[in-house]
Every structure is written in C-alpha cells, then in structure tokens.
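S.K.: Let me give you the structure first, and then I'll get to my questions.
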Amino acid sequence: MVLKHLIALQDVSPEQITEILTMAKTFKEVNQRQVKKLPTLKGKTVANFFFENSTRTKTSFEIAAKRLSADVLNLAISTSSVAKGETLIDTIRTIEAMQIDIVVIRHGVSGVPHMLTKKISSHIINAGDGMHEHPTQGLLDMFTIMDKKNRIEGLTVALVGDIAHSRVARSNIWGLKKMGAKVRVVGPSTLIPRDIEKMGVEVYHDLEKGIKGADVVNILRIQLERMKKHLFPTIREYAMLFGVNTTKLKSAKSDCLVMHPGPMNRGIEISPNVADGPQSVIEEQVTNGVAVRMAVLYLMGGGKANEIID
Amino acid sequence: MKLLIKNGTIVDPANKKDEKADILINNGKIEKIAKSITDKDAEIIDASNMLVLPGFIDMHVHFREPGFEYKETIESGSRAAAKGGFTTVACMPNTDPPIDNQAMVEFINMKSKQVGLIDVKAIGTITKGRAGMELAPIGELFKAGAVAISDDGSTVMNAEIVRRALQYCKMFGIALIEHCEDANLAGDNTVNEGYYGTMLGLKGIPASAEESIVARDIMIAKDTGGKLHLAHLSTSGSVDLLRWAKKQGINVTAEVTPHHFSLDDSSLVNYDTNYKMNPPLRSKEDVKAMKKALKDGTIDVIATDHAPHAELDKDVEWTQAAYGIIGLETAFPLIVTELVNPGVLTISEAVQKITINPARILNMDKGTLSEGSDADIVIADINKEVTISEGFFGSRSSNSPFIGKTLKGSIEMVFKAGKLVYGNK
C-alpha cells in the first residue's frame, strides 16, 4: 500500500488500518532500541504546519519523522506570513515551491487538509482539523487497544465527554466501527451532535450506564470555554455528571482500559486516581503515537509493508 | 420599429394563456397577440418550438455596487440577468454604503439607466445602516423608488422595530422582506444542523433559527396587517408555518431559491465553498417540502439570491469563505430540470413564480404579456441542453456549484421594452 494522503479515517479501509497498525508494531520495537534511527526518509522533507497550539502531536510527528531520517521543518505560525495577512493557500504554495514531500497540518477549521489535497502535490497528513478528524490519534488509540487486548473486533468502546467539538471522537468512531468494535458516545445532551447515531454509535447521557460493561473508556478533554456558549452550567456540575472517577469506573469491565488523548483536566473529566490508576494507558498512548506516525510517514514515503526493517 | 414573434407557444400565467400565438411589438410595447398576425413592416422572429414568456423578475439579487465592485457591478449583474431571462431585478441593500437613504436609491436607478439592459430596482433598508437599531427613512426611500425594504443578510432582531416598520410600511403599500434567522441561534455556525454537519465537523444552524423568526414575523404581520415577505425559506417547518398563516388570511408571501429546491446538505462532503450558503443547504426532507410548497402555492416566488463572490472570497478556509452563490443564469435551467420536467410544476405555474407573483409583491406593473404592456419578453427552448461552465456566466463572478452540470432549458432571446438584450435574432 502507498498512502497518498491521510485526511480522515472515514476514507481509510479496514485493510489499510490493519496494515498501518501492523507496521506500527514493528516501529514500536525500533523505538525501544539503543539506536532508534532508520534511513527510510533520508533526503525527504517533512513540514509541520501547526496553525493551532499543540505540544504532543507536533512533537510526536517531529520525532517520528526524525527517526526515519527525514529533514523536518517546524513552522511556528505566529511568526509566519499568515500573521501578515497572506492567505493560507498562498502560504502553503510558497512552502510547496520549496519542494516539501510531506505536509503535516493542524488547523482550527474543519476541511483545511482536504482543501490542500486539491491545491498542492505534496502528501498531506491531517494532524487535526477543527472538529472534523484527527486520524493519527484515532490510529494510535486503536493501536493501544490492539496492543492491550489483542483485538478490536467485538469490543465495546465508550467515548466520554464533548463529542460535538471533538475530532478525536469522529476519528475514533470511524476507525473503531470499521474494525468491528461497538462504539458508544457518552456526554451531556448539549455536547452530543445531532444525528451522530447515523454514524453507527449508541448515545448515552448517563455516565455509568454509558460505560457499563465497556472494554475501553476513552475520555475526551472538556474545553472550559464551552461554558460561555451555554453548553453546560458549571465545571463542578460537569465533573459531577461526567467526570470519570474510581467509583463510576466500576460500572465498566474490571479490565477496562482508560484512555485520554490529552491534555487532561485532572479533577474535571478524569480524577487523578483514574488517570494514574492501574487501568490507565494514557502514557502508552503517547509512546504508541510515535510508532503509529512513523508507520504513516513510512508508507507515505513509499515504504512497503512487507519490507523487513532491520 | 415593429417586431413580430411568430409561431411560439405563449405562456402568460397572469392572463391564463398557454397557447400558440403571434406577438406584435410596436415601439417597445406589446401591441397585439393573436393566432396569426401578419405585418409587412415588422421584423419577423421565428419562435417555432419555443416558449414565449414574460420577462422574468428576480426580487432578490445582490449587485454589490457600490462597495464591492470586484464581485459584481450593476453592469455585469445586468448582463447576467439578461442572459438568465430576467428583465427586472430588485437589488438588496447590503452594499457599502447600504441603500438606506434617497441618494443611494437614486444612484441605483441612475446606474440602471446608464447600463440600459434591464430594470434594476432598489430595495431600501429597514434600519439605518442595516444595524437593526433605528428605522431607516422608509418614506424617503419609497419616494425615491425603492420597491420594498429589507435588511437582508441580517435579521432585524428587535421585534419592536419589525412591528413598527410593518405598521409604517402600510402607508406606502410596500413589503418588508425579512431574512429569517435568529442571530443567537445561528451563532457563527455555517451549515445545516444534521448528519452531514456532524460528520464533517461543521457547526450547525438549527432549523429553529429560521422558523422562530418566521413564526415571530407572521404573528407581527397578523397583528399589524403589514405586508410581509419572507426571503429564501429553507426548512419544512417554515413552510408549515407559512401555510398556516395563509389560511388565517395573514398578509404574507415567501420565496425559495433554486439551490434550496435543487440541492441538499449531502453536497457538503467535499468542503467545496460553493455549497456554503445562507440559509444553509438543508436536508432531503426539506428539499421535498420546498417542492410541495411550490406546488400548492404556499411559496409564491422563486428568487435567486444571486450572490456573486470573487475567488478570493471563496477559495479560503470553510469558515472564512463568503456565503452564497450566483443564480441568475442557472435559475431557468434549474426550474426546468428540477421542477418542470419531473412534474413538480407546470411551466405556467413555474413562470408565474418568476413573473406576475414577484411583480405583485413589489407593486410593479410587469410580469405579463398583456396588450399595451412593456415588451419584456423571453424566448426559451425548454428542450435544449445547457452545460454550465466557468465561461458560461455574464456575471463578474463564477461562484456556482452547478459548474460542470448539464441542465435542460435554454434562454434563447431576451427583449427589454422591445430591444434585444440577450441572444441573436
């Protein structure tokens, strides 16, 4: 498989997901070696365009690209031309004129990576667009589940929190459904978007019912500024109704994994006991993120899945 | 100078005509209509296998002048209108500066005359500066020639101002045209609230944003007896309210755009900003409701909401992109393809909604082929295909989601007061 772009898990087939996850497993092993570098993307340039603040995703992509020997360009957008009033398209075209092979883009507006695929010839990786998708997060979440449970098919995964504004939720829903999981979304009725059940999920507004018997609970970050939009009354009430703590977590299966894409609001959507508890795989998600992104970059750089990396 | 249009099928809903006949034009007026006319002094135009229709009237266009001439001017807009078969249009006042005083109305009228292709009429604002705070000088606007008032692009959120404006307009008999969208419910959202918006991560404008204002204004129209016209309705709930209002005898009319009866929100999947409109494209059920309301007469008018935007307004991030599409030149092919051919409307019913009905709402003595009236005439071939391309448009802009589509229904010739303004004799 050669990946031209990675924009949305909605567009990726189960076979492609399996291939990426399998490959990521190899890279995870590479990342545990003394020498963590491979020559695969030597001579290729990867540009990280982050139009929104990000620590972990940007760092993760940067490390992944560097471990594959690519030259990495990090664009700090506040100092770039965009701040001078240049249009996004012009900025991207200027960069492309410098022969960038792979563009990793995060943008606050849904659809921007999709739009870029029509404008420039580089490979495009969506590192999160608005409320649309965050495909590498979806992949690394699936990788983490696979790593712990050895399967995705037949598992029940509950996504908890602000589903409406979450690109992580949408990528998880598409990816997990394709891989045969049962997906539930759990959150206040104001933060569950209309017609989401048409994406094949079950909707719950009661946390304990929503995570009952779940194999995985993936807790989403609640943006505190949502309160200003009348989406919930107080942080305290949100924490009371939808904060995952050890008591409520008992409703899920005893070996239920606890995930969070970060950054966490400890004490709000997730209690410190749960975040640091035995079921938490939150730090592993970060570790796995590098391996998954290496797999994606590798496939984009023309690497073949059946080539032994050694 | 005489002109004789022979052998065409005349469809003139105002006079309940749908028959083969000849039309004699003399001095810019329709002199005579009869089965067979001979006049040796007249230039003859053969309209065999063609429809002969009253010049169309679009009561909702944006010609962008003054202020946004890079998108459209009265000249380029007039060209687009003529090409689409529209011999009269009413311009919305969201220009810069807005049409909120006599001088601005006179400017539009003067430009219209200078260009001389079609009649471009002005709609004045409801409030000063379209700011929704104080009434504009409605009497002055009317005396200068404004054919209606509207703050289109924005809803007048203060219901008291709507009530006073409707009362005040009764003195002049002009309509208040409301853009129905509660500003708080709509927020900064950009698409229909529903599955596609959810899937694409684009925040939704709920149907209730439109319907709550439709309901509010209907009740204020009932209360005041003022003449209310609802612009570009898009939801099934809105037409239900309108149907109820008409049953009560409330003085209210409404329009739908060609895109709201042709397209639904499933078109958004490629984030193509030519599908970004206000009101947003709604669901398939809503499109069905629009067609039903056109058929049963609940919706009186088809208006294009012709909204030209340059590439630099559209070729940007979804949330930054301007709302709206051009519509004058695709209106007739869409009416034929989406409404007439599938049997939603007869050609006569369809023509009514782009001629006599808007003429009545705007108090214009137009939209008919009556003897003695201005010879504003369209000759159209309902069976001929047109392929929409970027080069197709007379408009200065080409922001249309119909580019690449082949539709049925071609405007062949357009006469304004007996003068050919589009096509070849």
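Chain lettering (A, B, ...) mirrors the order of the structure tokens, residue numbering begins at 1 for each chain separately, and ligand numbering begins at 1 in order of display.
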Please, which residues of chain A lie no more than 8 Å from chain B when the count uses only C-alpha atoms, and can they be set out as a VMD selection string?
M.R.: chain A and resid 87 to 89 109 to 112 114 to 115 130 to 133 164 to 165 167 170 193 to 196 198 to 199
S.K.: Give the alpha helix (DSSP H) residues of region 168-357 of chain B, as assigned by DSSP on the backbone, as an NGL selection string.
M.R.: :B and (168-169 or 183-186 or 195-200 or 207-224 or 236-247 or 258-262 or 284-295 or 311-314 or 331-334 or 347-352 or 356-357)
S.K.: Report as a list in words all protein, DNA and RNA residues lying within 6 Å of region 123-130 of chain B, evaluated on only C-alpha atoms, omitting residues in the same chain fewer than 5 positions from it.
M.R.: Cys91, Met92, Pro93, Ile99, Asp100, Leu135, Ala136, Ala146, Val147, Ala148, Ile149, Ser150 and Asp151 of chain B
S.K.: Identify which of the residues A:Gly175, A:Pro135, A:Gly154, A:Pro261 lies closest to Ala214 (chain A), counting only C-alpha atoms when measuring atom-to-atom distances.
M.R.: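 Closest to Ala214 (chain A), using only C-alpha atoms: A:Gly154.
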S.K.: For the structure I just gave you, how does DSSP split region 167-300 of chain A - specifically, which residues are strand (DSSP E)? Reply as number ranges by chain.
M.R.: A: 182-186, 202-204, 216-219, 257-259
S.K.: Tell me which of B:Met59, B:Ile379, B:Ala80, B:Cys169 sits closest to Met364 (chain B), counting only C-alpha atoms.
M.R.: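 The shortest atom-to-atom distance to Met364 (chain B) comes from B:Met59.
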S.K.: Considering only C-alpha atoms, can you say which of A:Gln223, A:Ile192, A:Phe232, A:Ile7 comes closest to Asp129 (chain A)?
M.R.: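 That would be A:Ile7, the residue with the smallest distance to Asp129 (chain A).
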S.K.: To one decimal place, how far is CA of Ile382 (chain B) from CA of Val239 (chain B) in Å?
M.R.: 28.7 Å
S.K.: I'd like to know which of B:Asp182, B:Glu371, B:Asp58, B:Glu211 is closest to Gly85 (chain B), using only C-alpha atoms.
M.R.: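 The closest residue to Gly85 (chain B) is B:Asp58.
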S.K.: Would you compute the distance between CA of Ala239 (chain A) and CA of Val203 (chain A)? Give it in Å to one decimal.
M.R.: 19.0 Å
S.K.: Set the distance at 8 Å and use only C-alpha atoms: which residues neighbour Val72 (chain A) once local chain neighbours fewer than 3 positions away are removed? I'd like the list as a ChimeraX atom specification.
M.R.: /A:45-48,62,65-66
S.K.: Residues within 8 Å of Val281 (chain A), please, as a VMD selection string. Count only C-alpha atoms; anything in the same chain fewer than 2 positions from it doesn't count.
M.R.: chain A and resid 144 257 to 259 279 283 to 285
S.K.: Filtering to N, CA and C atoms, could you give me those residues as a PDB file, in the first residue's frame?
M.R.:
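To be explicit, this is the file written out as part_13.pdb:
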ATOM      1  N   THR A 144      -3.238   1.179  20.585  1.00  0.00           N
ATOM      2  CA  THR A 144      -3.121   0.953  22.024  1.00  0.00           C
ATOM      3  C   THR A 144      -4.115  -0.121  22.482  1.00  0.00           C
ATOM      4  N   LEU A 257      -9.799  -0.609  29.825  1.00  0.00           N
ATOM      5  CA  LEU A 257      -8.711   0.354  29.642  1.00  0.00           C
ATOM      6  C   LEU A 257      -9.246   1.767  29.779  1.00  0.00           C
ATOM      7  N   VAL A 258      -8.435   2.634  30.371  1.00  0.00           N
ATOM      8  CA  VAL A 258      -8.794   4.053  30.442  1.00  0.00           C
ATOM      9  C   VAL A 258      -7.835   4.831  29.549  1.00  0.00           C
ATOM     10  N   MET A 259      -8.424   5.568  28.612  1.00  0.00           N
ATOM     11  CA  MET A 259      -7.603   6.346  27.675  1.00  0.00           C
ATOM     12  C   MET A 259      -7.998   7.811  27.729  1.00  0.00           C
ATOM     13  N   GLN A 279      -5.557   0.912  35.423  1.00  0.00           N
ATOM     14  CA  GLN A 279      -6.211   0.687  34.130  1.00  0.00           C
ATOM     15  C   GLN A 279      -5.802   1.724  33.085  1.00  0.00           C
ATOM     16  N   GLU A 283      -0.198   7.202  29.201  1.00  0.00           N
ATOM     17  CA  GLU A 283       1.191   7.457  28.789  1.00  0.00           C
ATOM     18  C   GLU A 283       1.597   6.570  27.618  1.00  0.00           C
ATOM     19  N   GLU A 284       1.087   5.353  27.617  1.00  0.00           N
ATOM     20  CA  GLU A 284       1.403   4.457  26.491  1.00  0.00           C
ATOM     21  C   GLU A 284       0.841   4.973  25.177  1.00  0.00           C
ATOM     22  N   GLN A 285      -0.305   5.644  25.274  1.00  0.00           N
ATOM     23  CA  GLN A 285      -0.861   6.241  24.053  1.00  0.00           C
ATOM     24  C   GLN A 285       0.165   7.184  23.424  1.00  0.00           C
TER      25      GLN A 285
END
S.K.: Nearest to Gly108 (chain A): which of A:Arg93, A:Lys229, A:His134, A:Arg266 is it, counting only C-alpha atoms?
M.R.: A:His134
S.K.: Mind pulling up the distance from CA of Trp244 (chain B) to CA of Ala159 (chain B)?
M.R.: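 Going from CA of Ala159 (chain B) over to CA of Trp244 (chain B), I get 20.7 Å.
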S.K.: Applying 6 Å and only C-alpha atoms, which residues near Leu230 (chain B) remain after dropping the ones on its own chain fewer than 2 positions away? List them as a short mmCIF file (atom, residue, chain, number, x, y, z; two decimals) with N, CA, C and O atoms, in the first residue's frame.
M.R.:
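The result, written out as out.cif:
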data_model
loop_
_atom_site.label_atom_id
_atom_site.label_comp_id
_atom_site.auth_asym_id
_atom_site.auth_seq_id
_atom_site.Cartn_x
_atom_site.Cartn_y
_atom_site.Cartn_z
N ILE B 177 -39.28 42.77 3.66
CA ILE B 177 -38.72 41.46 3.33
C ILE B 177 -37.77 41.04 4.46
O ILE B 177 -36.77 41.71 4.71
N GLU B 178 -38.11 39.97 5.12
CA GLU B 178 -37.28 39.54 6.25
C GLU B 178 -36.35 38.40 5.85
O GLU B 178 -36.76 37.45 5.17
N ALA B 254 -43.80 34.49 0.30
CA ALA B 254 -42.46 33.95 0.53
C ALA B 254 -41.82 33.48 -0.75
O ALA B 254 -42.48 33.26 -1.76
#
S.K.: Have a look at A:Ile105, A:Ile270, A:Ile211, A:Leu231 and name the one nearest to Lys250 (chain A); count only C-alpha atoms.
M.R.: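 Closest candidate: A:Ile211.
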S.K.: Hey, what's within 12 Å of Gly394 (chain B) if we count only C-alpha atoms and toss same-chain stuff fewer than 6 positions away? As a PyMOL selection string, please?
M.R.: chain B and resi 72-84+308+326-330+388+422
